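Q: Before I ask anything, here is the structure I am working with.
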Amino acid sequence: MQALGPLILSWRSVLAPGIVALTAVVTMLVGSGLSEDESESVGWIALTGLVAAAIASLAASGDHIVTFGGSLIIDDYTAFFYLLIPVCSAVVVLFSFDYVAALGLPATEYYALLLFATTGMMLMAGAGDLIVMFLGLETMSISAYVMAAMAQRDPKSSEAGLKYFLLGAFSTGFLLYGIALLYGATGSIKLEAVAQMVRKHSIALSPFVLLGLGLILVGFGFKVAAAPFHVWTPDAYEGAPTSVTALMAVGIKLGAFAGFIRVLLIYLAPLHAQWSGVLWALAALSMTVGNLAALAQENIKRMLAYSAIAHAGYILVGMTAGRSEVGPALLYYLLGYAFANLGAFAVLVAVEQAQQSGTKLDDLSGLARNHPMLAAAMALFMLSLMGMPPLAGFVGKFYIFSVALESRYVWLVIIATLNSVVSAYYYARVIVAMYMREGAERQAQTRQPTLLFALAVAALATVIIGLLPHPYISASSAAYASAEQVLRPATAALQTK
Amino acid sequence: MTPINYYLGLGALLFAIGTVGVLIRRNLIVVFMSIELMLNAVNLTFIALGRAMGSADGQVIVFFVMIVAGVEAAVGLGIILAAFRNRLTVNADEFNLLRW
Amino acid sequence: MIVEFPALNLLLLMPAIGVAFNLFFGYRLGRSAVNTVSVGVVAIAFALSVWATVKLATMPPGSCLQAQLGPWIYAGPLRLDVLLRFDALAAVMSLVVSGVGCLIHIYSCGYMGEDPDFARYFAYMNLFTFSMLLLVLAGNLLLMFVGWEGVGLCSYLLIAFWYDNPLFAFNGRKAFVVNRIGDVGFLLGIFVLFSAFASHGLWTLDFAEMRERAGLISPAIATIACLLLFFGATGKSAQIPLYVWLPDAMVGPTPVSALIHAATMVTAGVYVVARLNFLFALSPSTMEAVATIGTVTAFFAATIALAQSDIKRVLAYSTISQIGYMFLGAGVGAFGAAIFHVVTHAFFKALLFLGAGSVIHALGGEQDMNRMGGLRRRMPLTHAAMLAGTLAISAVPGFSGFFSKDEILQAAYTSGHKTLWLIAVVTAGLTGLYMFRLFFLTFYGKPRLSEERFAEVHEPPFVMAMPLVVLAALSVFGGLIGLPEGVLWGNQIGAFLAPITGRVSAAPAQAVMLLSAITSGVTFIGIILALIGYVVIPTLPERLAAWAQGLYRLLWSKYYVDELYDFLITRPVLFLSSAILGRNVDSLAIDAVVDGTGEAVQGGATAVRRVETGNVQHYVLIYLGGVLLIVGYYLLSALRH
């Protein structure tokens with residue numbers, strides 16, 4: 001049993017997510033008093049709250065401190081995601097303004113749910129025990145279920161929400177069961193205590209720990225869309241309103257990976273031999289399934305869903321290696337992935353509105369003529385996702401693969417590299433459609449300053465993070481090193497016993 | 001006193017029943033009830049483990065899970081209702097607009 | 001002494017700002033805004049160069065200013081920064097690049113005044129200035145390579161600026177490809193140096209650090225690296241064997257020829273050799289090769305220039321010839337003299353090109369000297385400016401070219417390269433001959449233009465005339481910065497550069513006088529021959545050409561080198577790629593493999609795709625399959641223990 005230490009309640013750990021949650025409440029209160037036309041302006045409240053949270057994230061940086069009786073952790077790792085997640089959500093808000101109105105989504109609920117989802121993602125990044133992790137995951141997921149089904153008159157949207165919800169709730173059961181088994185084996189749900197217990201050989205190999213580990217892999221595997229738990233992804237991404245898809249592809253991925261990496265690579269590191277094999281298989285399967293299926297897609301949202309699966313696979317390649325050198329690479333990769341995807345979805349949102357069209361590949365034909373800036377931006381994001389130097393996608397991939405290679409996962413890296421080659425085809429297809437095919441003449445123009453601003457942010461980030469990677473890599477290293485700190489004194493204490 | 005393994009066994013059985021229910025029932029409402037059954041099976045496991053180890057964590061968790069399950073029920077039924085309005089059916093087989 | 005000087009960042013970034021402005025707002029804001037900004041940024045860069053140079057001159061010899069724009073590539077022990085360093089060599093070069101560049105930008109405002117694509121033109125010109133400044137200010141070899149490639153790219157873009165004309169586009173490609181061939185050598189040279197220094201724990205490729213620890217490199221490695229780098233230099237600086245692109249590059253706008261293909265970019269090779277002089281000094285055989293290739297190129301190009309009739313082509317061959325002199329200087333160890341010649345050459349060659357540009361502009365695009373003649377009456381100012389430039393390039397005593405060329409020739413003689421010296425002296429005579437031939441054909445004799453077109457010929461407008469006047473003054477007086485030792489204030493530029501480039505021991509005063517007298521005498525013979533042939537007895541050249549028909553045709557056809565390359569390299573490669581590889585290997589073997597793989601992948605894609613049936617319970621089944629596999633795996637491993 002754990003002795004009860006002094007109960008530290010630090011405001012630093014809850015400031016940023018607290019601001020987001022509070023903003024969500026304010027959004028609802030203000031929105032309920034506004035007419036339907038006016039309610040769009042609550043987006044600005046949401047934006048303000050997210051920016052404030054991003055600034056407040058600095059409060060969480062610094063030493064490694066465990067607060068709220070082990071429920072939340074303050075360190076640079078937390079701060080990294082406390083900063084990144086609200087920024088990504090803010091970009092989504094920026095390109096949502098006109099889109100929400102155009103689709104007739106209820107603006108108040110939309111922004112409130114977006115903020116609640118953001119809170120959940122941030123909690124996952126800062127969670128210090130499995131229950132807060134679980135609550136964060138549910139806060140984020142349940143909000144996302146509703147948002148996916150929000151376009152009420154669109155049967156595809158409600159079907160997407162339905163499938164996402166059913167499989168998500170189903171998957172929740174497995175994750176929770178895994179947590180229960182781990183709790184039964186180690187007597188605690190606090191990650192630190194679990195980590196100390198699984199260091200002991202007798203406990204580490206008990207069926208409870210192993211089964212618990214397996215089910216937790218399943219649960220997280222579902223959230224990060226790793227094959228074979230990816231099946232919901234294409235349907236949910238395709239059916240949901242595009243701005244919601246962006247949130248699912250970026251925010252939810254970030255939250256889920258933030259939790260997954262912390263739990264597995266830091267606290268369950270002693271079980272590396274037990275989980276690396278399973279992750280190997282998940283990584284190889286995700287990359288292959290994602291890239292192969294993406295080849296045959298005509299709808300770009302669906303293609304990006306499979307691309308997201310493939311990218312989850314690349315990240316899992318790094319996690320499989322499991323050395324502490326890979327941590328910074330993973331965080332850096334997430335950074336590049338987030339902005340390239342945000343940008344791609346922003347372009348789709350713009351295209352849908354400017355052309356009153358869908359998101360089929362054909363709808364992008366001749367985009368370079370009609371909207372040269374949009375086409376150029378989309379090409380940039382596709383090239384980054386493809387892994388073209390000198391963009392962020394390339395540096396991240398290169399970084400992860402080289403660490404995996406150092407850890408002697410040669411075959412996995414070969415599979416990953418082959419997959420990268422395959423992926424070039426479908427990303428290039430988008431560019432070909434935009435630049436080399438004739439499209440119908442369309443007069444409509446995009447003149448949304450907020451959307452263009454979001455695009456500019458994403459494009460600049462994609463270029464700068466790739467071209468001058470050094471500051472971002474050192475930030476990732478600092479974040480990961482700060483999260484790892486927790487284990488050093490514990491190891492020392494165990495050894496002295 | 002009943003050995004803990006009995007509780008754990010019952011929990012696992014309920015979980016399995018729920019899983020099979022999700023897999024084979026066609027009515028979305030029943031599918032959803034099966035999911036709730038899975039969650040409650042885990043709750044039982046938590047309580048049993050917490051009591052066996054003399055730790056309060058297990059009991060507290062159950063409260064959180066119940067809240068989450070409640071929220072899921074509210075949201076889930078809403079989504080099923082929205083889907084029903086669009087398609088006038090709650091048969092899981094008929095929701096296949098999105099595929100391939 | 002090393003002093004941090006952040007204004008260097010601004011110096012480098014000013015032209016980059018110009019590029020962004022021209023690209024994004026150029027066409028929207030119109031011609032006058034583009035002119036103002038494009039010239040303005042280069043002028044500010046020049047002002048900053050002057051400031052930095054003044055600051056540098058007040059510091060003890062061997063000092064430098066530096067600024068770090070940011071970290072660049074950090075990987076393992078590799079440490080590469082975007083580090084700018086402003087030492088004496090960089091100072092001289094950046095003054096030339098920004099100063100002459102600024103004048104040519106001003107001239108361009110007039111020359112491109114009618115062109116609808118002005119914003120694109122100035123964006124390229126600013127980008128070129130940026131790349132060239134990056135090249136000369138770079139603190140390490142790899143950063144310098146970025147600038148090196150950047151100027152190559154701009155050269156290509158500007159040669160093919162009027163890409164509607166397929167010939168122009170082809171010539172642009174030719175320049176690019178030939179440069180790329182040289183770049184392969186250059187890059188290999190960087191790799192060799194990098195691995196050599198890295199094995200001694202030096203991972204930065206920093207010039208100052210390499211210089212300090214050059215002793216670690218064995219002469220054999222130094223020879224390989226320097227030969228490879230020099231091969232790259234022959235591409236960029238148009239020397240044998242890679243000079244063929246420069247004459248064809250003359251299809252670009254004339255200010256481009258003046259800035260890129262005369263004053264700055266083509267001298268980058270000389271700059272690299274001077275910058276890395278500590279490495280070249282390790283390898284006497286490479287130095288011999290540099291000197292020999294330079295001299296032979298100088299002579300060879302001068303003979304071709306004798307028989308060309310296109311005014312810009314004559315100037316292009318004279319550029320090749322003059323750069324040959326610079327390499328001769330570098331090859332005999334007189335790196336300072338080589339850089340001095342870079343400077344004076346930038347003055348007079350820019351002047352000659354801009355003067356030629358004024359003539360071409362006035363004649364509505366006419367470049368053939370056979371249709372000019374007698375222009376001195378219609379264009380007295382251009383005539384005077386061109387006379388100054390011609391006297392300077394012919395190295396008539398007192399003019400700028402004399403001092404720099406003389407210094408090179410002295411160094412060649414005193415270092416014992418008597419044969420090379422003799423060839424170079426003969427070339428000096430040829431220079432006087434072909435340059436005055438150009439001058440007389442253009443401005444003297446009877447007008448060969450129709451009456452009404454001749455009447456329309458006019459002086460250039462003020463924006464074009466002003467740079468001509470400034471450059472003419474520089475061509476006349478620019479040599480005063482490098483007087484021979486013992487005369488008045490002596491060799492100022494040589495002393496300024498000495499900490500970087502070293503100095504060669506001067507010959508005894510009597511020998512200096514004698515050598516200068518010989519060279520000047522030969523030059524005057526060349527000039528007098530031109531006077532006789534093209535002013536006094538205008539029929540003489542034709543008779544001469546008829547008499548020595550074979551030689552004339554050989555020169556006129558540029559020794560058939562283009563045809564030779566075409567026959568030896570281009571055709572075999574094309575044959576290999578189209579006939580053998582294309583028709584057989586590619587279409588039969590590789591296509592089968594590629595298409596087969598493609599089809600297999602597509603088949604796999606369809607199969608994987610069909611898994612997504614859309615039925616949520618099928619999804620549950622797949623999910624459960626995954627769960628069972630994982631759970632089974634862990635149960636098995638639990639049982640094993």
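In the structure tokens, the first chain shown is A, the next is B, and so on; residue numbers restart at 1 for each chain, and ligands run from 1 in the order shown.
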Using only C-alpha atoms, I'd like every residue of chain B that has an atom within 7 Å of chain C; please write them out as a list in words.
A: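 Contact residues on the first chain: Leu23, Ala92, Asp93, Phe95, Asn96, Leu97, Leu98, Arg99 and Trp100 of chain B.
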Q: May I have the residues from that selection written out with N, CA and C atoms, as a PDB file, in the first residue's frame?
A:
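The resulting file, result_29.pdb, is reproduced below:
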```
ATOM      1  N   LEU B  23     -21.937  -7.882 -30.655  1.00  0.00           N
ATOM      2  CA  LEU B  23     -21.591  -8.494 -31.938  1.00  0.00           C
ATOM      3  C   LEU B  23     -22.821  -9.009 -32.674  1.00  0.00           C
ATOM      4  N   ALA B  92     -28.954  -2.089 -37.185  1.00  0.00           N
ATOM      5  CA  ALA B  92     -27.536  -1.806 -37.408  1.00  0.00           C
ATOM      6  C   ALA B  92     -27.122  -2.124 -38.838  1.00  0.00           C
ATOM      7  N   ASP B  93     -27.732  -3.120 -39.473  1.00  0.00           N
ATOM      8  CA  ASP B  93     -27.311  -3.530 -40.821  1.00  0.00           C
ATOM      9  C   ASP B  93     -27.555  -2.452 -41.867  1.00  0.00           C
ATOM     10  N   PHE B  95     -27.175   0.767 -41.707  1.00  0.00           N
ATOM     11  CA  PHE B  95     -26.347   1.972 -41.719  1.00  0.00           C
ATOM     12  C   PHE B  95     -25.045   1.689 -42.462  1.00  0.00           C
ATOM     13  N   ASN B  96     -25.109   1.788 -43.772  1.00  0.00           N
ATOM     14  CA  ASN B  96     -23.878   1.540 -44.532  1.00  0.00           C
ATOM     15  C   ASN B  96     -23.704   2.519 -45.691  1.00  0.00           C
ATOM     16  N   LEU B  97     -24.097   3.767 -45.443  1.00  0.00           N
ATOM     17  CA  LEU B  97     -23.807   4.802 -46.435  1.00  0.00           C
ATOM     18  C   LEU B  97     -22.305   5.016 -46.567  1.00  0.00           C
ATOM     19  N   LEU B  98     -21.647   4.909 -45.452  1.00  0.00           N
ATOM     20  CA  LEU B  98     -20.209   5.160 -45.424  1.00  0.00           C
ATOM     21  C   LEU B  98     -19.486   3.833 -45.473  1.00  0.00           C
ATOM     22  N   ARG B  99     -18.810   3.589 -46.530  1.00  0.00           N
ATOM     23  CA  ARG B  99     -18.026   2.354 -46.585  1.00  0.00           C
ATOM     24  C   ARG B  99     -16.954   2.466 -47.649  1.00  0.00           C
ATOM     25  N   TRP B 100     -16.083   1.492 -47.652  1.00  0.00           N
ATOM     26  CA  TRP B 100     -14.985   1.368 -48.624  1.00  0.00           C
ATOM     27  C   TRP B 100     -14.142   2.602 -48.711  1.00  0.00           C
TER      28      TRP B 100
END
```
Q: Please give the complete set of residues from region 88-202 of chain A that DSSP, run on the backbone, assigns to helix (DSSP H, G or I), formatted as a ChimeraX atom specification.
A: /A:88-103,107-126,130-148,155-186,191-198,201-202
Q: Which residue gives the smallest distance to chain B among A:Ala149, A:Ala53, A:Ala24, A:Ala90, with only C-alpha atoms counted?
A: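 Smallest distance to chain B is found for A:Ala149.
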Q: When the cut-off is 6 Å and we count only C-alpha atoms, which residues of chain A are near chain B, given as number ranges by chain?
A: A: 155, 158, 170, 173, 177, 180, 184, 235
Q: Find the nearest atom pair between each residue of chain A and chain C for residues within 9 Å, count only C-alpha atoms, give distances in Å to one decimal, sort rows by chain and ascending number, and present the table as a tab-separated table.
A:
```
residue	atom	partner	partner_atom	distance
A:Lys163	CA	C:Val616	CA	6.2
A:Leu166	CA	C:Val616	CA	8.1
A:Leu167	CA	C:Val620	CA	7.0
A:Phe170	CA	C:Val620	CA	8.5
A:Ser171	CA	C:Tyr623	CA	8.8
A:Phe174	CA	C:Val627	CA	8.8
A:Leu205	CA	C:Ala638	CA	6.4
A:Ser206	CA	C:Ala638	CA	6.5
A:Pro207	CA	C:Ala638	CA	5.3
A:Phe208	CA	C:Ala638	CA	9.0
A:Leu210	CA	C:Tyr634	CA	5.7
A:Leu211	CA	C:Tyr634	CA	6.1
A:Leu213	CA	C:Tyr634	CA	8.7
A:Gly214	CA	C:Ile630	CA	6.1
A:Leu215	CA	C:Val631	CA	7.4
A:Leu217	CA	C:Ile630	CA	8.7
A:Val218	CA	C:Val627	CA	6.6
A:Phe222	CA	C:Tyr623	CA	8.8
A:Ala227	CA	C:Gly626	CA	8.4
A:Pro228	CA	C:Gly626	CA	5.8
A:Phe229	CA	C:Tyr623	CA	5.2
A:His230	CA	C:Tyr623	CA	8.1
A:Val231	CA	C:Tyr619	CA	5.8
A:Trp232	CA	C:Tyr619	CA	7.2
A:Pro234	CA	C:Glu612	CA	8.5
A:Asp235	CA	C:Gly614	CA	7.5
A:Gln274	CA	C:Tyr634	CA	8.3
A:Val278	CA	C:Ile630	CA	7.1
A:Val289	CA	C:Val608	CA	6.5
A:Gly290	CA	C:Val608	CA	8.8
A:Asn291	CA	C:Ala605	CA	8.1
A:Leu292	CA	C:Ala605	CA	4.5
A:Ala293	CA	C:Ala605	CA	4.7
A:Ala294	CA	C:Ala605	CA	7.4
A:Leu295	CA	C:Ala605	CA	6.2
A:Ala296	CA	C:Ala605	CA	5.9
A:Gln297	CA	C:Arg609	CA	8.5
A:Val422	CA	C:Val601	CA	8.3
A:Leu467	CA	C:Trp72	CA	8.3
A:Leu468	CA	C:Trp72	CA	6.3
A:Pro469	CA	C:Ile73	CA	8.0
A:His470	CA	C:Tyr74	CA	6.8
A:Pro471	CA	C:Pro71	CA	8.5
```
Q: Please report the interatomic distance between CA of Ser257 (chain C) and CA of Ile527 (chain C) in Å with one decimal.
A: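 Taking CA of Ser257 (chain C) as the start and CA of Ile527 (chain C) as the end point, the length is 25.5 Å.
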Q: What is the distance between CA of Ser61 (chain A) and CA of Gly128 (chain A), in Å to one decimal?
A: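 CA of Gly128 (chain A) lies 15.2 Å from CA of Ser61 (chain A).
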Q: Counting only C-alpha atoms, which of C:Gly373, C:Pro380, C:Gly215, C:Gly147 gets nearest to Tyr534 (chain C)?
A: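 That would be C:Gly373, the residue with the smallest distance to Tyr534 (chain C).
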Q: With a distance cut-off of 8 Å and only C-alpha atoms, select the neighbouring residues of Val430 (chain A), excluding the residue or stretch itself and same-chain residues fewer than 6 positions from it, and output the selection as a PDB file with N, CA and C atoms, in the first residue's frame.
A:
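And here is the file that came out, out36.pdb:
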```
ATOM      1  N   LEU A 361     -11.895  13.879 -54.894  1.00  0.00           N
ATOM      2  CA  LEU A 361     -10.677  14.277 -55.587  1.00  0.00           C
ATOM      3  C   LEU A 361     -11.019  15.143 -56.801  1.00  0.00           C
ATOM      4  N   LEU A 364     -11.290  18.870 -56.549  1.00  0.00           N
ATOM      5  CA  LEU A 364     -10.062  19.656 -56.472  1.00  0.00           C
ATOM      6  C   LEU A 364      -9.437  19.902 -57.846  1.00  0.00           C
ATOM      7  N   ALA A 379      -0.672  21.711 -51.655  1.00  0.00           N
ATOM      8  CA  ALA A 379       0.496  20.976 -52.147  1.00  0.00           C
ATOM      9  C   ALA A 379       1.571  20.906 -51.063  1.00  0.00           C
ATOM     10  N   MET A 382       0.523  18.339 -48.464  1.00  0.00           N
ATOM     11  CA  MET A 382       0.646  16.978 -48.980  1.00  0.00           C
ATOM     12  C   MET A 382       2.116  16.564 -49.012  1.00  0.00           C
TER      13      MET A 382
END
```
Q: How many Å separate CA of Lys446 (chain C) from CA of Val536 (chain C)?
A: 12.1 Å
Q: Per DSSP on the backbone, what are the strand (DSSP E or B) residues of region 95-326 of chain A, as an MDAnalysis selection string?
A: chainID A and resid 127 129 190 299
Q: For Ile74 (chain A), which of A:Phe97, A:Trp11, A:Phe116, A:Tyr237 is the closest residue, counting only C-alpha atoms?
A: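 Checking each candidate against Ile74 (chain A), we get A:Trp11 as the closest.
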